[in-house]
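Pasted below: entry_9.pdb, PDB, C-alpha atoms.
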```
ATOM      1  CA  MET A   1      55.317  15.997 133.963
ATOM      2  CA  LYS A   2      58.597  17.678 134.926
ATOM      3  CA  ASN A   3      60.173  17.069 138.298
ATOM      4  CA  ARG A   4      60.117  20.404 140.053
ATOM      5  CA  PRO A   5      61.671  21.293 143.415
ATOM      6  CA  ILE A   6      59.116  21.248 146.202
ATOM      7  CA  PRO A   7      59.453  24.262 148.500
ATOM      8  CA  GLN A   8      59.177  23.338 152.162
ATOM      9  CA  GLN A   9      59.753  26.625 153.949
ATOM     10  CA  ILE A  10      59.141  26.310 157.668
ATOM     11  CA  GLU A  11      56.938  29.006 159.192
ATOM     12  CA  LEU A  12      57.145  30.312 162.740
ATOM     13  CA  ASP A  13      54.484  27.873 163.940
ATOM     14  CA  GLY A  14      56.414  24.906 162.503
ATOM     15  CA  SER A  15      54.096  24.291 159.541
ATOM     16  CA  THR A  16      55.233  24.142 155.939
ATOM     17  CA  ARG A  17      54.099  26.603 153.295
ATOM     18  CA  GLN A  18      52.168  23.877 151.520
ATOM     19  CA  GLN A  19      50.318  22.932 154.689
ATOM     20  CA  MET A  20      49.365  26.567 155.187
ATOM     21  CA  LEU A  21      48.088  26.817 151.600
ATOM     22  CA  TYR A  22      46.054  23.651 152.098
ATOM     23  CA  ASP A  23      44.584  24.813 155.419
ATOM     24  CA  HIS A  24      43.648  28.181 153.921
ATOM     25  CA  ALA A  25      41.925  26.514 150.938
ATOM     26  CA  ILE A  26      39.920  24.148 153.140
ATOM     27  CA  THR A  27      38.897  26.961 155.489
ATOM     28  CA  LEU A  28      37.859  29.193 152.593
ATOM     29  CA  LEU A  29      35.707  26.481 151.007
ATOM     30  CA  ARG A  30      33.989  25.626 154.272
ATOM     31  CA  GLN A  31      33.477  29.259 155.238
ATOM     32  CA  LEU A  32      31.786  30.237 151.967
ATOM     33  CA  GLU A  33      29.776  27.060 151.337
ATOM     34  CA  PRO A  34      26.317  28.204 150.142
ATOM     35  CA  PRO A  35      23.050  26.457 151.063
ATOM     36  CA  LYS A  36      22.706  25.029 147.527
ATOM     37  CA  GLY A  37      26.302  23.917 147.364
ATOM     38  CA  TYR A  38      28.979  25.137 144.987
ATOM     39  CA  TYR A  39      29.007  25.266 141.197
ATOM     40  CA  LEU A  40      32.404  23.668 140.509
ATOM     41  CA  SER A  41      33.775  24.505 137.068
ATOM     42  CA  THR A  42      36.380  22.031 135.808
ATOM     43  CA  SER A  43      38.457  21.726 132.648
ATOM     44  CA  PHE A  44      40.105  18.462 133.864
ATOM     45  CA  GLY A  45      43.525  20.157 133.809
ATOM     46  CA  LYS A  46      45.872  20.026 136.807
ATOM     47  CA  ASP A  47      44.436  23.175 138.410
ATOM     48  CA  SER A  48      40.869  21.964 138.102
ATOM     49  CA  ILE A  49      41.476  18.474 139.477
ATOM     50  CA  VAL A  50      43.242  19.909 142.541
ATOM     51  CA  ALA A  51      40.378  22.358 143.177
ATOM     52  CA  HIS A  52      37.969  19.432 142.736
ATOM     53  CA  ARG A  53      39.883  17.301 145.239
ATOM     54  CA  LEU A  54      39.993  20.144 147.748
ATOM     55  CA  CYS A  55      36.196  20.360 147.618
ATOM     56  CA  ASP A  56      36.032  16.656 148.420
ATOM     57  CA  GLU A  57      38.496  16.937 151.291
ATOM     58  CA  ALA A  58      36.711  20.012 152.667
ATOM     59  CA  GLY A  59      33.497  17.979 152.736
ATOM     60  CA  VAL A  60      31.469  20.707 151.015
ATOM     61  CA  ARG A  61      28.523  20.155 148.698
ATOM     62  CA  TYR A  62      28.948  20.901 144.998
ATOM     63  CA  ASP A  63      27.799  20.136 141.487
ATOM     64  CA  ALA A  64      30.698  19.759 139.036
ATOM     65  CA  TYR A  65      30.351  21.069 135.475
ATOM     66  CA  HIS A  66      32.541  20.894 132.401
ATOM     67  CA  ASN A  67      31.968  23.193 129.435
ATOM     68  CA  ILE A  68      32.378  21.362 126.142
ATOM     69  CA  THR A  69      34.415  23.848 124.121
ATOM     70  CA  GLY A  70      34.948  21.541 121.143
ATOM     71  CA  ILE A  71      38.580  22.688 120.891
ATOM     72  CA  ASP A  72      40.112  20.996 123.931
ATOM     73  CA  PRO A  73      42.869  18.395 123.419
ATOM     74  CA  PRO A  74      41.209  14.999 122.803
ATOM     75  CA  GLU A  75      43.420  13.360 125.437
ATOM     76  CA  LEU A  76      42.112  15.805 128.044
ATOM     77  CA  VAL A  77      38.522  15.065 127.057
ATOM     78  CA  TYR A  78      39.115  11.291 127.294
ATOM     79  CA  PHE A  79      40.834  11.711 130.667
ATOM     80  CA  GLY A  80      37.805  13.570 132.003
ATOM     81  CA  ARG A  81      35.379  10.956 130.744
ATOM     82  CA  LYS A  82      37.374   8.151 132.356
ATOM     83  CA  HIS A  83      38.211   9.633 135.733
ATOM     84  CA  TYR A  84      35.343  12.086 136.286
ATOM     85  CA  PRO A  85      32.234  10.390 134.879
ATOM     86  CA  GLY A  86      29.968  12.155 137.365
ATOM     87  CA  VAL A  87      30.798  15.637 136.096
ATOM     88  CA  LEU A  88      27.883  17.267 134.268
ATOM     89  CA  ARG A  89      28.671  18.255 130.682
ATOM     90  CA  HIS A  90      27.448  21.650 129.467
ATOM     91  CA  ARG A  91      27.294  22.393 125.752
ATOM     92  CA  PRO A  92      27.578  26.123 124.892
ATOM     93  CA  SER A  93      24.980  27.908 122.817
ATOM     94  CA  MET A  94      27.373  28.269 119.886
ATOM     95  CA  SER A  95      30.442  26.400 118.633
ATOM     96  CA  MET A  96      33.830  28.031 118.103
ATOM     97  CA  TRP A  97      33.378  27.874 114.339
ATOM     98  CA  LYS A  98      29.953  29.541 114.441
ATOM     99  CA  LEU A  99      31.375  32.193 116.747
ATOM    100  CA  ILE A 100      34.161  32.985 114.276
ATOM    101  CA  GLU A 101      31.683  33.146 111.415
ATOM    102  CA  ARG A 102      29.306  35.416 113.319
ATOM    103  CA  LYS A 103      31.998  37.755 114.653
ATOM    104  CA  GLY A 104      33.650  37.964 111.260
ATOM    105  CA  ILE A 105      37.145  37.599 112.696
ATOM    106  CA  LEU A 106      39.372  35.117 114.482
ATOM    107  CA  PRO A 107      39.768  35.461 118.263
ATOM    108  CA  LEU A 108      42.655  37.798 119.054
ATOM    109  CA  ARG A 109      44.612  38.558 122.191
ATOM    110  CA  GLN A 110      42.888  41.941 122.460
ATOM    111  CA  ARG A 111      39.485  40.620 121.322
ATOM    112  CA  ARG A 112      39.091  37.192 122.842
ATOM    113  CA  PHE A 113      35.360  36.674 122.448
ATOM    114  CA  CYS A 114      35.398  32.876 122.711
ATOM    115  CA  CYS A 115      35.896  32.335 126.465
ATOM    116  CA  GLU A 116      32.753  34.247 127.399
ATOM    117  CA  VAL A 117      30.601  31.883 125.352
ATOM    118  CA  LEU A 118      32.533  28.611 125.483
ATOM    119  CA  LYS A 119      33.731  28.635 129.091
ATOM    120  CA  GLU A 120      32.190  31.346 131.222
ATOM    121  CA  ASP A 121      28.463  31.305 130.544
ATOM    122  CA  GLY A 122      27.564  28.943 133.386
ATOM    123  CA  GLY A 123      27.055  29.445 137.092
ATOM    124  CA  MET A 124      25.373  32.860 137.162
ATOM    125  CA  GLY A 125      23.537  33.287 140.449
ATOM    126  CA  ARG A 126      25.707  30.583 142.035
ATOM    127  CA  VAL A 127      28.785  30.512 144.233
ATOM    128  CA  CYS A 128      31.407  29.019 141.954
ATOM    129  CA  VAL A 129      34.689  27.244 142.549
ATOM    130  CA  MET A 130      37.404  27.610 139.906
ATOM    131  CA  GLY A 131      41.082  26.707 139.645
ATOM    132  CA  ILE A 132      42.446  30.170 138.805
ATOM    133  CA  ARG A 133      45.974  30.929 140.050
ATOM    134  CA  ALA A 134      47.910  34.189 140.234
ATOM    135  CA  GLU A 135      51.074  32.511 138.938
ATOM    136  CA  GLU A 136      49.508  31.735 135.563
ATOM    137  CA  SER A 137      49.690  35.285 134.220
ATOM    138  CA  SER A 138      49.796  38.922 135.303
ATOM    139  CA  ARG A 139      46.293  39.343 133.853
ATOM    140  CA  ARG A 140      44.885  36.649 136.118
ATOM    141  CA  ARG A 141      46.828  37.947 139.089
ATOM    142  CA  ASP A 142      45.429  41.457 138.646
ATOM    143  CA  ALA A 143      41.865  40.539 137.643
ATOM    144  CA  TRP A 144      41.216  37.799 140.171
ATOM    145  CA  ALA A 145      41.691  36.992 143.859
ATOM    146  CA  PRO A 146      40.895  34.096 146.225
ATOM    147  CA  VAL A 147      37.342  35.507 146.232
ATOM    148  CA  ALA A 148      35.899  37.704 143.480
ATOM    149  CA  THR A 149      32.483  38.759 142.242
ATOM    150  CA  ARG A 150      31.922  38.296 138.522
ATOM    151  CA  GLY A 151      29.138  40.211 136.783
ATOM    152  CA  ASP A 152      28.285  42.128 133.634
ATOM    153  CA  LYS A 153      30.886  44.782 134.447
ATOM    154  CA  GLY A 154      33.743  42.323 134.922
ATOM    155  CA  ASN A 155      35.412  41.055 138.069
ATOM    156  CA  GLU A 156      35.367  42.743 141.454
ATOM    157  CA  VAL A 157      37.857  41.565 144.044
ATOM    158  CA  ARG A 158      36.091  40.874 147.328
ATOM    159  CA  ILE A 159      37.776  41.220 150.695
ATOM    160  CA  PHE A 160      35.235  40.837 153.471
ATOM    161  CA  ASP A 161      35.005  39.797 157.093
ATOM    162  CA  ASN A 162      32.776  37.152 158.623
ATOM    163  CA  ASP A 163      29.892  39.577 159.131
ATOM    164  CA  ASP A 164      29.779  40.305 155.389
ATOM    165  CA  ILE A 165      29.768  36.730 154.091
ATOM    166  CA  GLN A 166      26.017  36.146 154.080
ATOM    167  CA  THR A 167      25.404  39.569 152.533
ATOM    168  CA  SER A 168      27.835  38.705 149.751
ATOM    169  CA  LEU A 169      26.163  35.356 149.134
ATOM    170  CA  GLN A 170      22.710  36.934 148.955
ATOM    171  CA  ARG A 171      23.940  39.602 146.553
ATOM    172  CA  CYS A 172      25.531  36.925 144.389
ATOM    173  CA  MET A 173      22.277  35.018 144.119
ATOM    174  CA  VAL A 174      20.505  38.114 142.792
ATOM    175  CA  ARG A 175      22.640  39.265 139.857
ATOM    176  CA  ASP A 176      26.241  38.024 139.939
ATOM    177  CA  LYS A 177      28.252  34.977 140.721
ATOM    178  CA  LEU A 178      30.721  34.799 143.551
ATOM    179  CA  VAL A 179      33.895  32.988 142.450
ATOM    180  CA  VAL A 180      36.051  31.182 144.992
ATOM    181  CA  ASN A 181      39.583  30.317 143.868
ATOM    182  CA  PRO A 182      41.023  28.090 146.634
ATOM    183  CA  ILE A 183      44.376  27.602 144.838
ATOM    184  CA  TYR A 184      44.882  31.255 143.854
ATOM    185  CA  HIS A 185      48.222  31.493 145.719
ATOM    186  CA  TRP A 186      49.481  28.008 144.763
ATOM    187  CA  THR A 187      52.467  27.524 142.456
ATOM    188  CA  SER A 188      52.843  24.732 139.912
ATOM    189  CA  SER A 189      55.220  23.011 142.337
ATOM    190  CA  ASP A 190      52.536  23.139 145.016
ATOM    191  CA  LEU A 191      50.013  21.543 142.655
ATOM    192  CA  TRP A 192      52.302  18.709 141.578
ATOM    193  CA  ALA A 193      53.328  18.006 145.169
ATOM    194  CA  PHE A 194      49.628  17.709 146.078
ATOM    195  CA  ILE A 195      48.893  15.464 143.085
ATOM    196  CA  LYS A 196      51.868  13.207 143.829
ATOM    197  CA  ASP A 197      51.071  12.989 147.522
ATOM    198  CA  ARG A 198      47.545  11.761 146.805
ATOM    199  CA  LYS A 199      48.595   9.653 143.801
ATOM    200  CA  MET A 200      45.961  11.398 141.705
ATOM    201  CA  PRO A 201      45.595  10.483 138.016
ATOM    202  CA  TYR A 202      46.271  13.340 135.605
ATOM    203  CA  CYS A 203      46.202  13.861 131.847
ATOM    204  CA  ASN A 204      49.178  12.206 130.127
ATOM    205  CA  LEU A 205      49.862  15.326 128.040
ATOM    206  CA  TYR A 206      51.722  16.798 131.020
ATOM    207  CA  ASP A 207      54.245  13.964 130.700
ATOM    208  CA  GLU A 208      54.784  14.994 127.065
ATOM    209  CA  GLY A 209      55.958  18.437 128.160
ATOM    210  CA  PHE A 210      52.706  20.394 127.993
ATOM    211  CA  GLU A 211      52.783  22.625 131.067
ATOM    212  CA  ARG A 212      49.312  24.093 130.567
ATOM    213  CA  LEU A 213      46.329  22.560 128.807
ATOM    214  CA  GLY A 214      43.559  24.610 127.256
ATOM    215  CA  CYS A 215      41.860  25.428 124.004
ATOM    216  CA  ILE A 216      43.925  24.448 120.980
ATOM    217  CA  GLY A 217      45.162  27.576 119.203
ATOM    218  CA  CYS A 218      44.279  29.978 122.035
ATOM    219  CA  PRO A 219      45.535  33.479 121.080
ATOM    220  CA  MET A 220      46.656  34.090 124.671
ATOM    221  CA  THR A 221      49.576  31.689 124.203
ATOM    222  CA  ARG A 222      52.743  32.266 122.190
ATOM    223  CA  GLU A 223      53.309  31.261 118.574
ATOM    224  CA  LYS A 224      55.648  28.356 119.368
ATOM    225  CA  LYS A 225      53.104  26.683 121.641
ATOM    226  CA  ARG A 226      50.200  27.321 119.259
ATOM    227  CA  ARG A 227      52.079  25.802 116.315
ATOM    228  CA  ARG A 228      53.066  22.826 118.428
ATOM    229  CA  GLU A 229      49.431  22.244 119.343
ATOM    230  CA  LEU A 230      48.200  22.472 115.752
ATOM    231  CA  GLU A 231      50.946  20.129 114.575
ATOM    232  CA  ARG A 232      50.000  17.697 117.327
ATOM    233  CA  TRP A 233      46.305  17.849 116.373
ATOM    234  CA  PRO A 234      46.202  18.608 112.618
ATOM    235  CA  GLY A 235      42.435  18.130 112.436
ATOM    236  CA  PHE A 236      41.979  21.374 114.369
ATOM    237  CA  TYR A 237      44.407  23.105 112.024
ATOM    238  CA  GLN A 238      42.128  22.196 109.127
ATOM    239  CA  LEU A 239      39.055  23.408 111.008
ATOM    240  CA  TYR A 240      40.699  26.788 111.593
ATOM    241  CA  MET A 241      41.754  26.941 107.927
ATOM    242  CA  ARG A 242      38.185  26.198 106.855
ATOM    243  CA  ALA A 243      36.865  28.954 109.140
ATOM    244  CA  ILE A 244      39.425  31.395 107.692
ATOM    245  CA  GLN A 245      38.443  30.553 104.128
ATOM    246  CA  LYS A 246      34.783  31.203 104.956
ATOM    247  CA  LEU A 247      35.742  34.643 106.250
ATOM    248  CA  ILE A 248      37.747  35.356 103.094
ATOM    249  CA  ASP A 249      34.801  34.266 100.938
ATOM    250  CA  LYS A 250      32.672  36.820 102.809
ATOM    251  CA  GLY A 251      35.108  39.634 102.097
ATOM    252  CA  ARG A 252      37.247  39.583 105.238
ATOM    253  CA  PHE A 253      41.063  39.701 105.202
ATOM    254  CA  GLN A 254      41.162  40.867 101.587
ATOM    255  CA  ASP A 255      44.542  42.511 102.188
ATOM    256  CA  LYS A 256      46.061  39.464 103.879
ATOM    257  CA  GLY A 257      46.323  37.114 100.904
ATOM    258  CA  SER A 258      45.446  33.426 101.049
ATOM    259  CA  ALA A 259      43.978  31.423 103.920
ATOM    260  CA  GLN A 260      47.496  30.200 104.671
ATOM    261  CA  ASP A 261      48.772  33.782 104.847
ATOM    262  CA  VAL A 262      46.002  34.652 107.296
ATOM    263  CA  MET A 263      46.778  31.571 109.377
ATOM    264  CA  ASP A 264      50.478  32.486 109.559
ATOM    265  CA  TRP A 265      49.578  36.043 110.614
ATOM    266  CA  TRP A 266      47.079  34.804 113.210
ATOM    267  CA  LEU A 267      49.580  32.415 114.782
ATOM    268  CA  SER A 268      52.327  35.030 114.925
ATOM    269  CA  ASP A 269      53.075  37.263 117.886
ATOM    270  CA  LYS A 270      52.981  40.362 115.691
ATOM    271  CA  GLU A 271      50.796  43.424 116.111
ATOM    272  CA  GLN A 272      47.139  42.483 115.981
ATOM    273  CA  LEU A 273      44.704  43.851 113.404
ATOM    274  CA  PRO A 274      42.840  47.117 114.089
ATOM    275  CA  PRO A 275      39.028  46.948 114.429
ATOM    276  CA  ILE A 276      37.318  45.791 111.238
ATOM    277  CA  ASP A 277      34.604  47.997 109.739
ATOM    278  CA  GLY A 278      31.221  46.327 109.842
ATOM    279  CA  GLN A 279      32.317  43.691 112.324
ATOM    280  CA  VAL A 280      29.296  41.834 113.649
ATOM    281  CA  SER A 281      28.905  41.701 117.418
ATOM    282  CA  LEU A 282      27.495  38.789 119.326
ATOM    283  CA  GLY A 283      24.559  40.883 120.403
ATOM    284  CA  ASP A 284      23.473  41.624 116.813
TER     285      ASP A 284
END
```
Render the structure in this file as structure tokens.
Amino acid sequence: MKNRPIPQQIELDGSTRQQMLYDHAITLLRQLEPPKGYYLSTSFGKDSIVAHRLCDEAGVRYDAYHNITGIDPPELVYFGRKHYPGVLRHRPSMSMWKLIERKGILPLRQRRFCCEVLKEDGGMGRVCVMGIRAEESSRRRDAWAPVATRGDKGNEVRIFDNDDIQTSLQRCMVRDKLVVNPIYHWTSSDLWAFIKDRKMPYCNLYDEGFERLGCIGCPMTREKKRRRELERWPGFYQLYMRAIQKLIDKGRFQDKGSAQDVMDWWLSDKEQLPPIDGQVSLGD
């Protein structure tokens, strides 16, 4: 974990920015608490453990769930087992390797089919708590908000007053899920200040220089980070190579050369492939 400067701007009422962020998160969680309690989605990364702790400090009811992606860093998985034994584990309907085989292509930045199945298939009809932050990327900043409705047509930012809260909750229970992101406006410095203040345990990979933890080989990250991950965990490199070879054996990537050539292309930040004729969709 890197030592980052902790901003302590003083507001007009004498409170610090971090205190205001904390108060807003606690108020939001208490205000939107549903009768059945929250569906708390956790990856065991720094964002998730802070959102988890905020739920505890807000005194709201929740069930915590972790989606077993099968491609998370082993150290993160072990950390979760040790420090969060009460979290319910959810196994997706299909593994990453079966997904690749069925789609007939590797996940790409423009066609990232894996998250929907591996991470986002739980909590429909529930009010969910997630650790999404605007600082993480422009995509997350634009697609999400402290409160958003997630359904078949994507995300809808929700801004409502007190009179609309119960209506929103009832609508969520029918066909969507309402997602509450209590740390949406928090920076990484805010998170680490919170973690240090409470002396919370965290995954040791942050001390090795990993700033964000997620699926190994995720196409949303840059080549340097992806190669570092696959060098750190070579077993996953071999699993990806095996999946690529299966695609080649089925006639995919015929113009890309060997499995190693395809791997080098996939890890690069170059222009992604155009749509592939005959590509199989998940709904087929």
Legend entry - Selection result for the PyMOL selection byres ((chain A and resi 95) around 10) on this file, as a PyMOL selection string: chain A and resi 68-71+91-94+96-101+114+117-118
Inset, instruction - Name the closest residue to Lys103 of chain A among the candidates A:Met263, A:Leu32, A:Ala243, A:Gly214; distances are taken between atoms, counting all atoms listed in the file. - result: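 When distances to Lys103 of chain A are compared using all atoms listed in the file, the smallest one comes from A:Ala243.
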Inset, instruction - Could you tell me which residues the PyMOL selection byres ((chain A and resi 229) around 10) returns for this structure, as a list in words? - result: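 This file, filtered by the PyMOL selection byres ((chain A and resi 229) around 10), leaves Pro73, Phe210, Leu213, Cys215, Ile216, Gly217, Cys218, Glu223, Lys224, Lys225, Arg226, Arg227, Arg228, Leu230, Glu231, Arg232, Trp233, Pro234, Phe236 and Tyr237 of chain A.
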Using the selection just defined, write its residues with C-alpha atoms as a CSV table (one decimal), keeping the file's coordinate frame.
```csv
chain,number,residue,atom,x,y,z
A,73,PRO,CA,42.9,18.4,123.4
A,210,PHE,CA,52.7,20.4,128.0
A,213,LEU,CA,46.3,22.6,128.8
A,215,CYS,CA,41.9,25.4,124.0
A,216,ILE,CA,43.9,24.4,121.0
A,217,GLY,CA,45.2,27.6,119.2
A,218,CYS,CA,44.3,30.0,122.0
A,223,GLU,CA,53.3,31.3,118.6
A,224,LYS,CA,55.6,28.4,119.4
A,225,LYS,CA,53.1,26.7,121.6
A,226,ARG,CA,50.2,27.3,119.3
A,227,ARG,CA,52.1,25.8,116.3
A,228,ARG,CA,53.1,22.8,118.4
A,230,LEU,CA,48.2,22.5,115.8
A,231,GLU,CA,50.9,20.1,114.6
A,232,ARG,CA,50.0,17.7,117.3
A,233,TRP,CA,46.3,17.8,116.4
A,234,PRO,CA,46.2,18.6,112.6
A,236,PHE,CA,42.0,21.4,114.4
A,237,TYR,CA,44.4,23.1,112.0
```
Inset, instruction - Rank A:Gln110, A:Gln19, A:Thr27, A:Asn181 by their smallest atom-to-atom distance to Ser41 of chain A, using only C-alpha atoms, and report the top residue only. - result: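 Checking each candidate against Ser41 of chain A, we get A:Asn181 as the closest.
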Legend entry - d(atom CA of Gly209 of chain A, atom CA of Ser268 of chain A) in Å: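 Spanning atom CA of Gly209 of chain A to atom CA of Ser268 of chain A is a straight-line distance of 21.5 Å.
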Inset, instruction - Please measure the separation of atom CA of Ile183 of chain A and atom CA of Ala148 of chain A, giving the value in Å to one decimal. - result: 13.3 Å
Need the axis-aligned box for segment 249-262 of chain A with 6 Å each side, so what are the centre and edges in Å to one decimal, as JSON?
```
{"center_x": 40.7, "center_y": 36.4, "center_z": 104.1, "size_x": 28.1, "size_y": 24.3, "size_z": 18.4}
```
Inset, instruction - Dig up all the protein and nucleic acid residues within 10 Å of (53.1, 14.8, 138.3) in the file frame, using only C-alpha atoms, and format them as a count of residues only. - result: 21
Inset, instruction - Using all atoms listed in the file, determine which residues lie at most 10 Å from Ala58 of chain A, disregarding the query and same-chain residues fewer than 4 positions distant; provide the list as a PyMOL selection string. - result: chain A and resi 23+25-30+33+53-54
Inset, instruction - List the residues selected by the PyMOL selection byres ((chain A and resi 245-259) around 10) in the file shown, writing them as an NGL selection string. - result: :A and (100-106 or 239-244 or 260-265 or 273 or 276-277 or 279)
Legend entry - Interatomic distance, atom CA of Glu211 of chain A to atom CA of Val60 of chain A (Å, one decimal):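 Taking atom CA of Glu211 of chain A and atom CA of Val60 of chain A, their separation equals 29.3 Å.
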Inset, instruction - Check the smallest atom-to-atom distance from each of A:Thr187, A:Leu108, A:Pro219, A:Tyr38 to Arg17 of chain A using only C-alpha atoms, then report the winner. - result: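 So, comparing all the options, the nearest one is A:Thr187.
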Inset, instruction - For Tyr78 of chain A, work out the shell of residues within 12 Å, counting only C-alpha atoms and skipping chain neighbours fewer than 4 positions away, then give it as a list in words. - result: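 Close residues of Tyr78 of chain A: Ser43, Phe44, Gly45, Asp72, Pro73, Pro74, Lys82, His83, Tyr84, Pro85, Tyr202, Cys203, Asn204 and Leu205 of chain A.
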Inset, instruction - Excluding Ser48 of chain A and residues on its chain fewer than 5 positions from it, collect all residues at most 7 Å away from it, counting only C-alpha atoms, and give them as a PyMOL selection string. - result: chain A and resi 42-43+130-131
Filtering to N, CA and C atoms, could segment 184-205 of chain A of the supplied structure be written out as an mmCIF file, in the first residue's frame?
```cif
data_model
loop_
_atom_site.group_PDB
_atom_site.id
_atom_site.type_symbol
_atom_site.label_atom_id
_atom_site.label_comp_id
_atom_site.auth_asym_id
_atom_site.auth_seq_id
_atom_site.Cartn_x
_atom_site.Cartn_y
_atom_site.Cartn_z
ATOM 1 N N TYR A 184 -19.284 6.281 -3.731
ATOM 2 C CA TYR A 184 -19.179 6.747 -5.116
ATOM 3 C C TYR A 184 -18.247 7.958 -5.246
ATOM 4 N N HIS A 185 -18.307 8.893 -4.313
ATOM 5 C CA HIS A 185 -17.518 10.124 -4.393
ATOM 6 C C HIS A 185 -16.174 10.017 -3.660
ATOM 7 N N TRP A 186 -15.848 8.867 -3.100
ATOM 8 C CA TRP A 186 -14.607 8.724 -2.341
ATOM 9 C C TRP A 186 -13.410 8.559 -3.279
ATOM 10 N N THR A 187 -12.266 9.090 -2.875
ATOM 11 C CA THR A 187 -11.020 8.874 -3.597
ATOM 12 C C THR A 187 -10.264 7.714 -2.941
ATOM 13 N N SER A 188 -9.203 7.273 -3.602
ATOM 14 C CA SER A 188 -8.375 6.216 -3.003
ATOM 15 C C SER A 188 -7.791 6.671 -1.674
ATOM 16 N N SER A 189 -7.410 7.942 -1.591
ATOM 17 C CA SER A 189 -6.882 8.477 -0.329
ATOM 18 C C SER A 189 -7.929 8.402 0.776
ATOM 19 N N ASP A 190 -9.171 8.685 0.428
ATOM 20 C CA ASP A 190 -10.250 8.594 1.415
ATOM 21 C C ASP A 190 -10.399 7.160 1.926
ATOM 22 N N LEU A 191 -10.324 6.201 1.009
ATOM 23 C CA LEU A 191 -10.466 4.794 1.391
ATOM 24 C C LEU A 191 -9.352 4.368 2.341
ATOM 25 N N TRP A 192 -8.108 4.691 1.960
ATOM 26 C CA TRP A 192 -6.974 4.247 2.785
ATOM 27 C C TRP A 192 -6.968 4.941 4.145
ATOM 28 N N ALA A 193 -7.405 6.181 4.192
ATOM 29 C CA ALA A 193 -7.501 6.878 5.477
ATOM 30 C C ALA A 193 -8.514 6.168 6.374
ATOM 31 N N PHE A 194 -9.636 5.755 5.797
ATOM 32 C CA PHE A 194 -10.677 5.035 6.535
ATOM 33 C C PHE A 194 -10.148 3.695 7.029
ATOM 34 N N ILE A 195 -9.472 2.965 6.149
ATOM 35 C CA ILE A 195 -8.932 1.645 6.502
ATOM 36 C C ILE A 195 -7.890 1.761 7.610
ATOM 37 N N LYS A 196 -7.010 2.757 7.495
ATOM 38 C CA LYS A 196 -5.978 2.955 8.518
ATOM 39 C C LYS A 196 -6.593 3.358 9.855
ATOM 40 N N ASP A 197 -7.567 4.246 9.794
ATOM 41 C CA ASP A 197 -8.183 4.738 11.023
ATOM 42 C C ASP A 197 -8.820 3.611 11.815
ATOM 43 N N ARG A 198 -9.421 2.661 11.119
ATOM 44 C CA ARG A 198 -10.087 1.539 11.796
ATOM 45 C C ARG A 198 -9.194 0.313 11.929
ATOM 46 N N LYS A 199 -7.961 0.426 11.457
ATOM 47 C CA LYS A 199 -7.000 -0.689 11.521
ATOM 48 C C LYS A 199 -7.591 -1.952 10.894
ATOM 49 N N MET A 200 -8.221 -1.775 9.746
ATOM 50 C CA MET A 200 -8.855 -2.887 9.049
ATOM 51 C C MET A 200 -7.817 -3.738 8.315
ATOM 52 N N PRO A 201 -7.948 -5.056 8.341
ATOM 53 C CA PRO A 201 -7.074 -5.898 7.519
ATOM 54 C C PRO A 201 -7.430 -5.718 6.050
ATOM 55 N N TYR A 202 -6.444 -5.868 5.179
ATOM 56 C CA TYR A 202 -6.675 -5.746 3.744
ATOM 57 C C TYR A 202 -5.747 -6.717 3.027
ATOM 58 N N CYS A 203 -6.033 -7.009 1.783
ATOM 59 C CA CYS A 203 -5.246 -7.973 1.023
ATOM 60 C C CYS A 203 -3.814 -7.465 0.853
ATOM 61 N N ASN A 204 -2.845 -8.349 1.091
ATOM 62 C CA ASN A 204 -1.431 -7.977 1.047
ATOM 63 C C ASN A 204 -0.946 -7.569 -0.345
ATOM 64 N N LEU A 205 -1.711 -7.856 -1.385
ATOM 65 C CA LEU A 205 -1.286 -7.494 -2.735
ATOM 66 C C LEU A 205 -1.174 -5.978 -2.900
#
```
